[in-house]
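query_23.cif, holding mmCIF, C-alpha atoms:
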data_coords
loop_
_atom_site.group_PDB
_atom_site.id
_atom_site.type_symbol
_atom_site.label_atom_id
_atom_site.label_comp_id
_atom_site.auth_asym_id
_atom_site.auth_seq_id
_atom_site.Cartn_x
_atom_site.Cartn_y
_atom_site.Cartn_z
ATOM 1 C CA MET R 1 -25.747 69.269 -19.578
ATOM 2 C CA LEU R 2 -29.002 67.391 -18.953
ATOM 3 C CA ASN R 3 -28.237 64.769 -21.605
ATOM 4 C CA GLU R 4 -24.792 64.233 -20.115
ATOM 5 C CA LEU R 5 -26.260 63.913 -16.620
ATOM 6 C CA VAL R 6 -28.790 61.280 -17.701
ATOM 7 C CA ARG R 7 -26.184 59.383 -19.730
ATOM 8 C CA ASN R 8 -23.782 59.344 -16.799
ATOM 9 C CA MET R 9 -26.555 58.144 -14.493
ATOM 10 C CA PHE R 10 -26.736 54.909 -16.474
ATOM 11 C CA LEU R 11 -23.061 54.556 -17.404
ATOM 12 C CA ARG R 12 -21.175 56.355 -14.612
ATOM 13 C CA PRO R 13 -23.673 56.855 -11.781
ATOM 14 C CA VAL R 14 -21.084 57.968 -9.223
ATOM 15 C CA LEU R 15 -20.053 60.811 -11.521
ATOM 16 C CA ALA R 16 -23.710 61.649 -12.182
ATOM 17 C CA GLY R 17 -24.311 61.890 -8.455
ATOM 18 C CA GLN R 18 -21.382 64.239 -8.032
ATOM 19 C CA GLN R 19 -22.636 66.389 -10.914
ATOM 20 C CA MET R 20 -26.146 66.502 -9.468
ATOM 21 C CA MET R 21 -24.906 67.595 -6.048
ATOM 22 C CA ALA R 22 -22.585 70.184 -7.625
ATOM 23 C CA MET R 23 -25.620 71.901 -9.159
ATOM 24 C CA GLY R 24 -26.466 73.152 -5.657
ATOM 25 C CA LEU R 25 -30.231 73.015 -6.051
ATOM 26 C CA LYS R 26 -32.176 74.211 -3.028
ATOM 27 C CA ARG R 27 -33.860 71.603 -0.870
ATOM 28 C CA GLU R 28 -37.294 73.158 -1.502
ATOM 29 C CA VAL R 29 -36.851 72.759 -5.260
ATOM 30 C CA LEU R 30 -35.848 69.115 -4.868
ATOM 31 C CA TRP R 31 -38.824 68.327 -2.613
ATOM 32 C CA MET R 32 -41.152 69.959 -5.165
ATOM 33 C CA ALA R 33 -39.600 67.895 -7.951
ATOM 34 C CA LEU R 34 -40.097 64.724 -5.919
ATOM 35 C CA VAL R 35 -43.750 65.577 -5.297
ATOM 36 C CA LEU R 36 -44.126 66.281 -9.031
ATOM 37 C CA VAL R 37 -42.870 62.774 -9.755
ATOM 38 C CA ALA R 38 -45.475 61.421 -7.335
ATOM 39 C CA LEU R 39 -48.227 63.411 -9.080
ATOM 40 C CA LEU R 40 -47.200 62.257 -12.563
ATOM 41 C CA SER R 41 -46.898 58.653 -11.364
ATOM 42 C CA ALA R 42 -50.376 58.820 -9.829
ATOM 43 C CA ILE R 43 -51.844 60.199 -13.051
ATOM 44 C CA GLN R 44 -50.173 57.453 -15.075
ATOM 45 C CA MET R 45 -51.478 54.734 -12.754
ATOM 46 C CA SER R 46 -54.985 56.199 -12.744
ATOM 47 C CA VAL R 47 -55.057 56.370 -16.536
ATOM 48 C CA THR R 48 -53.846 52.788 -16.722
ATOM 49 C CA PHE R 49 -56.638 51.626 -14.405
ATOM 50 C CA GLN R 50 -59.200 53.622 -16.364
ATOM 51 C CA PHE R 51 -58.355 51.995 -19.702
ATOM 52 C CA ALA R 52 -57.474 48.520 -18.464
ATOM 53 C CA GLU R 53 -60.080 45.950 -17.515
ATOM 54 C CA PHE R 54 -59.392 44.434 -14.121
ATOM 55 C CA HIS R 55 -61.409 41.425 -13.078
ATOM 56 C CA ILE R 56 -61.276 40.126 -9.527
ATOM 57 C CA PRO R 57 -60.841 36.315 -9.587
ATOM 58 C CA PRO R 58 -63.921 34.604 -8.150
ATOM 59 C CA ASP R 59 -61.881 32.099 -6.130
ATOM 60 C CA LEU R 60 -60.421 34.739 -3.799
ATOM 61 C CA SER R 61 -61.276 34.789 -0.138
ATOM 62 C CA ALA R 62 -63.374 37.595 1.303
ATOM 63 C CA GLU R 63 -60.278 39.295 2.748
ATOM 64 C CA GLU R 64 -58.362 39.060 -0.536
ATOM 65 C CA ARG R 65 -61.350 40.342 -2.489
ATOM 66 C CA ALA R 66 -61.726 43.291 -0.110
ATOM 67 C CA LEU R 67 -58.013 44.086 -0.497
ATOM 68 C CA MET R 68 -58.263 43.992 -4.292
ATOM 69 C CA GLU R 69 -61.307 46.241 -4.264
ATOM 70 C CA PHE R 70 -59.502 48.670 -1.944
ATOM 71 C CA VAL R 71 -56.446 48.813 -4.229
ATOM 72 C CA ILE R 72 -58.609 49.421 -7.302
ATOM 73 C CA SER R 73 -60.569 52.151 -5.522
ATOM 74 C CA ILE R 74 -57.343 53.888 -4.446
ATOM 75 C CA ALA R 75 -55.908 53.669 -7.968
ATOM 76 C CA SER R 76 -58.985 55.436 -9.344
ATOM 77 C CA ARG R 77 -58.472 58.424 -7.016
ATOM 78 C CA PRO R 78 -55.433 60.423 -8.220
ATOM 79 C CA PHE R 79 -55.316 62.744 -5.201
ATOM 80 C CA ILE R 80 -55.143 59.946 -2.619
ATOM 81 C CA LEU R 81 -52.738 58.005 -4.825
ATOM 82 C CA THR R 82 -50.506 61.068 -5.141
ATOM 83 C CA MET R 83 -50.405 61.472 -1.366
ATOM 84 C CA LEU R 84 -49.496 57.809 -0.884
ATOM 85 C CA ILE R 85 -46.743 57.860 -3.509
ATOM 86 C CA ALA R 86 -45.373 61.195 -2.281
ATOM 87 C CA GLY R 87 -45.339 59.909 1.292
ATOM 88 C CA SER R 88 -43.452 56.760 0.291
ATOM 89 C CA LEU R 89 -40.886 58.763 -1.702
ATOM 90 C CA ILE R 90 -40.290 61.190 1.158
ATOM 91 C CA ILE R 91 -39.907 58.357 3.662
ATOM 92 C CA SER R 92 -37.463 56.587 1.340
ATOM 93 C CA VAL R 93 -35.236 59.681 1.228
ATOM 94 C CA PHE R 94 -35.024 59.846 5.023
ATOM 95 C CA PHE R 95 -34.361 56.105 5.305
ATOM 96 C CA LEU R 96 -31.658 56.132 2.601
ATOM 97 C CA HIS R 97 -29.990 59.019 4.399
ATOM 98 C CA TRP R 98 -30.260 57.438 7.846
ATOM 99 C CA VAL R 99 -29.217 53.918 6.790
ATOM 100 C CA GLY R 100 -26.309 55.268 4.748
ATOM 101 C CA ARG R 101 -25.051 57.227 7.747
ATOM 102 C CA MET R 102 -25.424 54.130 9.945
ATOM 103 C CA ILE R 103 -22.985 52.156 7.758
ATOM 104 C CA GLY R 104 -20.392 54.913 7.580
ATOM 105 C CA GLY R 105 -21.744 57.316 4.972
ATOM 106 C CA GLN R 106 -21.168 61.054 5.219
ATOM 107 C CA GLY R 107 -23.935 62.398 2.987
ATOM 108 C CA THR R 108 -26.284 65.121 4.150
ATOM 109 C CA LEU R 109 -30.037 64.901 3.724
ATOM 110 C CA SER R 110 -29.888 67.470 0.903
ATOM 111 C CA GLU R 111 -27.261 65.441 -0.972
ATOM 112 C CA VAL R 112 -29.236 62.214 -0.674
ATOM 113 C CA LEU R 113 -32.384 64.084 -1.704
ATOM 114 C CA ALA R 114 -30.596 65.450 -4.792
ATOM 115 C CA VAL R 115 -29.483 62.059 -6.123
ATOM 116 C CA VAL R 116 -32.759 60.317 -5.248
ATOM 117 C CA THR R 117 -34.745 63.053 -7.026
ATOM 118 C CA LEU R 118 -32.614 62.620 -10.150
ATOM 119 C CA TRP R 119 -33.106 58.865 -10.009
ATOM 120 C CA GLN R 120 -36.857 59.157 -9.535
ATOM 121 C CA LEU R 121 -37.247 61.599 -12.438
ATOM 122 C CA VAL R 122 -35.282 59.427 -14.850
ATOM 123 C CA SER R 123 -37.038 56.279 -13.590
ATOM 124 C CA PHE R 124 -40.441 57.848 -14.223
ATOM 125 C CA VAL R 125 -39.560 58.862 -17.788
ATOM 126 C CA ALA R 126 -38.122 55.415 -18.495
ATOM 127 C CA GLY R 127 -41.167 53.737 -16.960
ATOM 128 C CA LEU R 128 -43.471 55.889 -19.061
ATOM 129 C CA GLY R 129 -41.580 54.827 -22.170
ATOM 130 C CA ILE R 130 -41.972 51.156 -21.254
ATOM 131 C CA PHE R 131 -45.687 51.713 -20.580
ATOM 132 C CA LEU R 132 -46.142 53.164 -24.080
ATOM 133 C CA LEU R 133 -44.068 50.338 -25.569
ATOM 134 C CA SER R 134 -46.225 47.736 -23.802
ATOM 135 C CA ILE R 135 -49.293 49.012 -25.667
ATOM 136 C CA PHE R 136 -47.784 47.816 -28.956
ATOM 137 C CA MET R 137 -45.225 45.150 -27.988
ATOM 138 C CA LEU R 138 -45.909 43.679 -24.557
ATOM 139 C CA PRO R 139 -43.298 40.857 -24.647
ATOM 140 C CA VAL R 140 -40.552 43.274 -25.693
ATOM 141 C CA ALA R 141 -41.647 45.767 -23.042
ATOM 142 C CA SER R 142 -41.478 43.075 -20.350
ATOM 143 C CA LEU R 143 -37.917 42.169 -21.347
ATOM 144 C CA VAL R 144 -36.834 45.822 -21.492
ATOM 145 C CA ASN R 145 -38.461 46.442 -18.103
ATOM 146 C CA MET R 146 -36.495 43.592 -16.501
ATOM 147 C CA VAL R 147 -33.191 44.901 -17.884
ATOM 148 C CA LEU R 148 -34.094 48.477 -16.921
ATOM 149 C CA ASN R 149 -34.848 47.529 -13.314
ATOM 150 C CA ILE R 150 -31.414 45.912 -12.958
ATOM 151 C CA TRP R 151 -29.762 48.962 -14.498
ATOM 152 C CA LEU R 152 -31.706 51.343 -12.286
ATOM 153 C CA LEU R 153 -30.599 49.418 -9.207
ATOM 154 C CA TYR R 154 -27.005 49.751 -10.394
ATOM 155 C CA SER R 155 -27.546 53.477 -10.976
ATOM 156 C CA LEU R 156 -29.108 54.059 -7.563
ATOM 157 C CA SER R 157 -26.227 52.239 -5.889
ATOM 158 C CA GLY R 158 -23.722 54.508 -7.617
ATOM 159 C CA LEU R 159 -25.706 57.669 -6.900
ATOM 160 C CA LEU R 160 -25.906 56.812 -3.206
ATOM 161 C CA ALA R 161 -22.205 55.986 -3.181
ATOM 162 C CA ALA R 162 -21.566 59.506 -4.449
ATOM 163 C CA ALA R 163 -23.934 61.122 -1.952
ATOM 164 C CA HIS R 164 -22.514 59.232 1.046
ATOM 165 C CA ARG R 165 -18.913 59.339 -0.277
ATOM 166 C CA PHE R 166 -18.589 55.578 -0.148
ATOM 167 C CA LYS R 167 -15.451 54.081 -1.686
ATOM 168 C CA THR R 168 -17.458 51.546 -3.671
ATOM 169 C CA PRO R 169 -20.978 51.385 -5.179
ATOM 170 C CA LEU R 170 -21.445 48.119 -3.272
ATOM 171 C CA ALA R 171 -21.908 50.206 -0.119
ATOM 172 C CA GLY R 172 -24.631 52.104 -1.978
ATOM 173 C CA LEU R 173 -26.254 48.780 -2.850
ATOM 174 C CA ALA R 174 -26.051 47.762 0.814
ATOM 175 C CA THR R 175 -27.812 51.016 1.703
ATOM 176 C CA VAL R 176 -30.653 50.171 -0.668
ATOM 177 C CA VAL R 177 -31.024 46.600 0.613
ATOM 178 C CA LEU R 178 -30.906 47.601 4.271
ATOM 179 C CA THR R 179 -33.409 50.389 3.628
ATOM 180 C CA ILE R 180 -35.830 47.905 2.078
ATOM 181 C CA PHE R 181 -35.525 45.656 5.130
ATOM 182 C CA ALA R 182 -35.898 48.617 7.508
ATOM 183 C CA VAL R 183 -39.035 49.874 5.766
ATOM 184 C CA ALA R 184 -40.494 46.356 5.624
ATOM 185 C CA PHE R 185 -39.794 45.852 9.332
ATOM 186 C CA GLY R 186 -41.411 49.192 10.161
ATOM 187 C CA LEU R 187 -44.500 48.302 8.164
ATOM 188 C CA LEU R 188 -44.652 44.892 9.846
ATOM 189 C CA VAL R 189 -44.527 46.477 13.300
ATOM 190 C CA ALA R 190 -47.200 48.982 12.301
ATOM 191 C CA PHE R 191 -49.491 46.227 10.993
ATOM 192 C CA ILE R 192 -48.944 44.182 14.164
ATOM 193 C CA ILE R 193 -49.813 47.178 16.344
ATOM 194 C CA LEU R 194 -52.880 47.938 14.261
ATOM 195 C CA GLY R 195 -53.889 44.277 14.332
ATOM 196 C CA VAL R 196 -53.476 44.064 18.107
ATOM 197 C CA GLY R 197 -55.385 47.306 18.490
ATOM 198 C CA SER R 198 -58.189 46.008 16.327
ATOM 199 C CA GLY R 199 -58.281 42.783 18.318
ATOM 200 C CA ILE R 200 -58.505 44.671 21.603
ATOM 201 C CA GLY R 201 -61.225 46.901 20.198
ATOM 202 C CA ALA R 202 -63.173 43.874 19.029
ATOM 203 C CA THR R 203 -62.991 42.164 22.409
ATOM 204 C CA ASN R 204 -64.262 45.299 24.129
ATOM 205 C CA VAL R 205 -67.344 45.537 21.949
#
Written form, structure tokens:
Amino acid sequence: MLNELVRNMFLRPVLAGQQMMAMGLKREVLWMALVLVALLSAIQMSVTFQFAEFHIPPDLSAEERALMEFVISIASRPFILTMLIAGSLIISVFFLHWVGRMIGGQGTLSEVLAVVTLWQLVSFVAGLGIFLLSIFMLPVASLVNMVLNIWLLYSLSGLLAAAHRFKTPLAGLATVVLTIFAVAFGLLVAFIILGVGSGIGATNV
């Protein structure tokens, strides 16, 4: 059953989405699985940073250097990294549900959560395989990673088409693209507000 589900996710993602939703997993179980993916991803990233040697280029500006140092410090703290990844995954579920409904989808939050959780689990396992491959054959791993990312986008489009009952996976792809723009716009607004707030605070000092 599991092998068939994973195989269909890559070859017939709409069918895989229907199979995943038919399993009737409780929402609590799906949220826990999503958080587990975040934890495993954080551990993988932390291990990568521990064994890899990262050197900050000397020609960076002070702001760029501070940003690099902040990213490296976050990557070396699995708990904080887990919270950040988990938060981004949870937000993505709500956005994919909301955007899909905005363009005519009929999926419930639980149905979108089910297909996104499946996609995240398979993506993590595939990413871990590429990470291990890169240790021995980096050029091959880079090529496989590029092909895998395209295939995963195709799979996610089909899974979302199943969850939202779209007639075509292209509507699922539109959901993904619009979600990316919506999240980016939200982050831009947040940064602008924070920047304005910082500027006001600085002028009042």
Care to translate the PyMOL selection byres ((chain R and resi 105) around 10) into actual residues of this file, as a VMD selection string?
chain R and resid 97 to 104 106 to 108 160 to 167 171 to 172 175
Here CA of Ile135 in chain R and CA of Val122 in chain R stand apart by 20.5 Å
re CA of Leu40 in chain R and CA of Ser110 in chain R: distance 22.5 Å
query = At what distance in Å, to one decimal, does CA of Trp31 in chain R lie from CA of Val47 in chain R?
reply =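 So the two atoms, CA of Val47 in chain R and CA of Trp31 in chain R, lie 24.5 Å apart.
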Tell me, as a PDB file with C-alpha atoms, in the frame of the given file, which residues lie within 10 Å of Gly127 in chain R, counting all atoms listed in the file; anything in the same chain fewer than 3 positions away does not count.
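Now in out.pdb:
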ATOM      1  CA  SER R  41     -46.898  58.653 -11.364  1.00  0.00           C
ATOM      2  CA  GLN R  44     -50.173  57.453 -15.075  1.00  0.00           C
ATOM      3  CA  LEU R 121     -37.247  61.599 -12.438  1.00  0.00           C
ATOM      4  CA  VAL R 122     -35.282  59.427 -14.850  1.00  0.00           C
ATOM      5  CA  SER R 123     -37.038  56.279 -13.590  1.00  0.00           C
ATOM      6  CA  PHE R 124     -40.441  57.848 -14.223  1.00  0.00           C
ATOM      7  CA  ILE R 130     -41.972  51.156 -21.254  1.00  0.00           C
ATOM      8  CA  PHE R 131     -45.687  51.713 -20.580  1.00  0.00           C
ATOM      9  CA  LEU R 132     -46.142  53.164 -24.080  1.00  0.00           C
ATOM     10  CA  LEU R 133     -44.068  50.338 -25.569  1.00  0.00           C
ATOM     11  CA  ASN R 145     -38.461  46.442 -18.103  1.00  0.00           C
ATOM     12  CA  LEU R 148     -34.094  48.477 -16.921  1.00  0.00           C
ATOM     13  CA  ASN R 149     -34.848  47.529 -13.314  1.00  0.00           C
TER      14      ASN R 149
END
Give me, as a PyMOL selection string, all polymer residues having an atom no more than 12 Å from Asn3 in chain R, counting all atoms listed in the file and skipping those fewer than 4 positions away in the same chain.
chain R and resi 7-10+16+122
_Under the PyMOL selection byres ((chain R and resi 78) around 10), which residues of this model are included? Write them out as an MDAnalysis selection string._
chainID R and resid 39:47 74:77 79:84
With a distance cut-off of 12 Å and only C-alpha atoms, select the neighbouring residues of Val144 in chain R, excluding the residue or stretch itself and same-chain residues fewer than 2 positions from it, and output the selection as a VMD selection string. chain R and resid 126 to 127 129 to 131 133 to 134 137 to 142 146 to 152
Need to verify the contact set: Val183 in chain R, 8 Å, only C-alpha atoms, exclusion of same-chain residues closer than 4 positions in sequence. Can you return it as a PDB file with C-alpha atoms, in the frame of the given file?
ATOM      1  CA  PHE R  95     -34.361  56.105   5.305  1.00  0.00           C
ATOM      2  CA  THR R 179     -33.409  50.389   3.628  1.00  0.00           C
ATOM      3  CA  LEU R 187     -44.500  48.302   8.164  1.00  0.00           C
TER       4      LEU R 187
END
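Between Leu36 in chain R and the residues R:Ile180, R:Leu188, R:Ala86, R:Val93, the shortest atom-to-atom distance, using only C-alpha atoms, involves R:Ala86.
Restricting the calculation to all atoms listed in the file, the smallest distance between Leu109 in chain R and any of R:Leu11, R:Leu153, R:Ala182, R:Ser92 is found for R:Ser92.
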Select, from R:Val37, R:Leu173, R:Leu159, R:Met68, the residue with the minimum atom-to-atom distance to Gln120 in chain R, counting all atoms listed in the file.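 Comparing R:Val37, R:Leu173, R:Leu159, R:Met68 against Gln120 in chain R, the winner is R:Val37.
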Restricting to only C-alpha atoms, whichever of R:Ala22, R:Met1, R:Ile193, R:Leu15 is closest to Glu111 in chain R is R:Ala22
Could you state which residues are captured by the PyMOL selection byres ((chain R and resi 30) around 9) in this file, as an mmCIF file with C-alpha atoms, keeping the file's coordinate frame?
data_model
loop_
_atom_site.group_PDB
_atom_site.id
_atom_site.type_symbol
_atom_site.label_atom_id
_atom_site.label_comp_id
_atom_site.auth_asym_id
_atom_site.auth_seq_id
_atom_site.Cartn_x
_atom_site.Cartn_y
_atom_site.Cartn_z
ATOM 1 C CA LEU R 25 -30.231 73.015 -6.051
ATOM 2 C CA LYS R 26 -32.176 74.211 -3.028
ATOM 3 C CA ARG R 27 -33.860 71.603 -0.870
ATOM 4 C CA GLU R 28 -37.294 73.158 -1.502
ATOM 5 C CA VAL R 29 -36.851 72.759 -5.260
ATOM 6 C CA TRP R 31 -38.824 68.327 -2.613
ATOM 7 C CA MET R 32 -41.152 69.959 -5.165
ATOM 8 C CA ALA R 33 -39.600 67.895 -7.951
ATOM 9 C CA LEU R 34 -40.097 64.724 -5.919
ATOM 10 C CA VAL R 35 -43.750 65.577 -5.297
ATOM 11 C CA SER R 110 -29.888 67.470 0.903
ATOM 12 C CA LEU R 113 -32.384 64.084 -1.704
ATOM 13 C CA ALA R 114 -30.596 65.450 -4.792
ATOM 14 C CA THR R 117 -34.745 63.053 -7.026
ATOM 15 C CA LEU R 118 -32.614 62.620 -10.150
#
Listed atoms of range 84-100 of chain R boxed axis-aligned with 3 Å per side, centre + edges as lines of an AutoDock Vina configuration file:
center_x = -37.9
center_y = 57.6
center_z = 2.2
size_x = 29.2
size_y = 13.3
size_z = 17.4
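Using all atoms listed in the file, the smallest distance between any of R:Leu2, R:Val115, R:Ile85, R:Arg12 and Gly24 in chain R comes from R:Val115.
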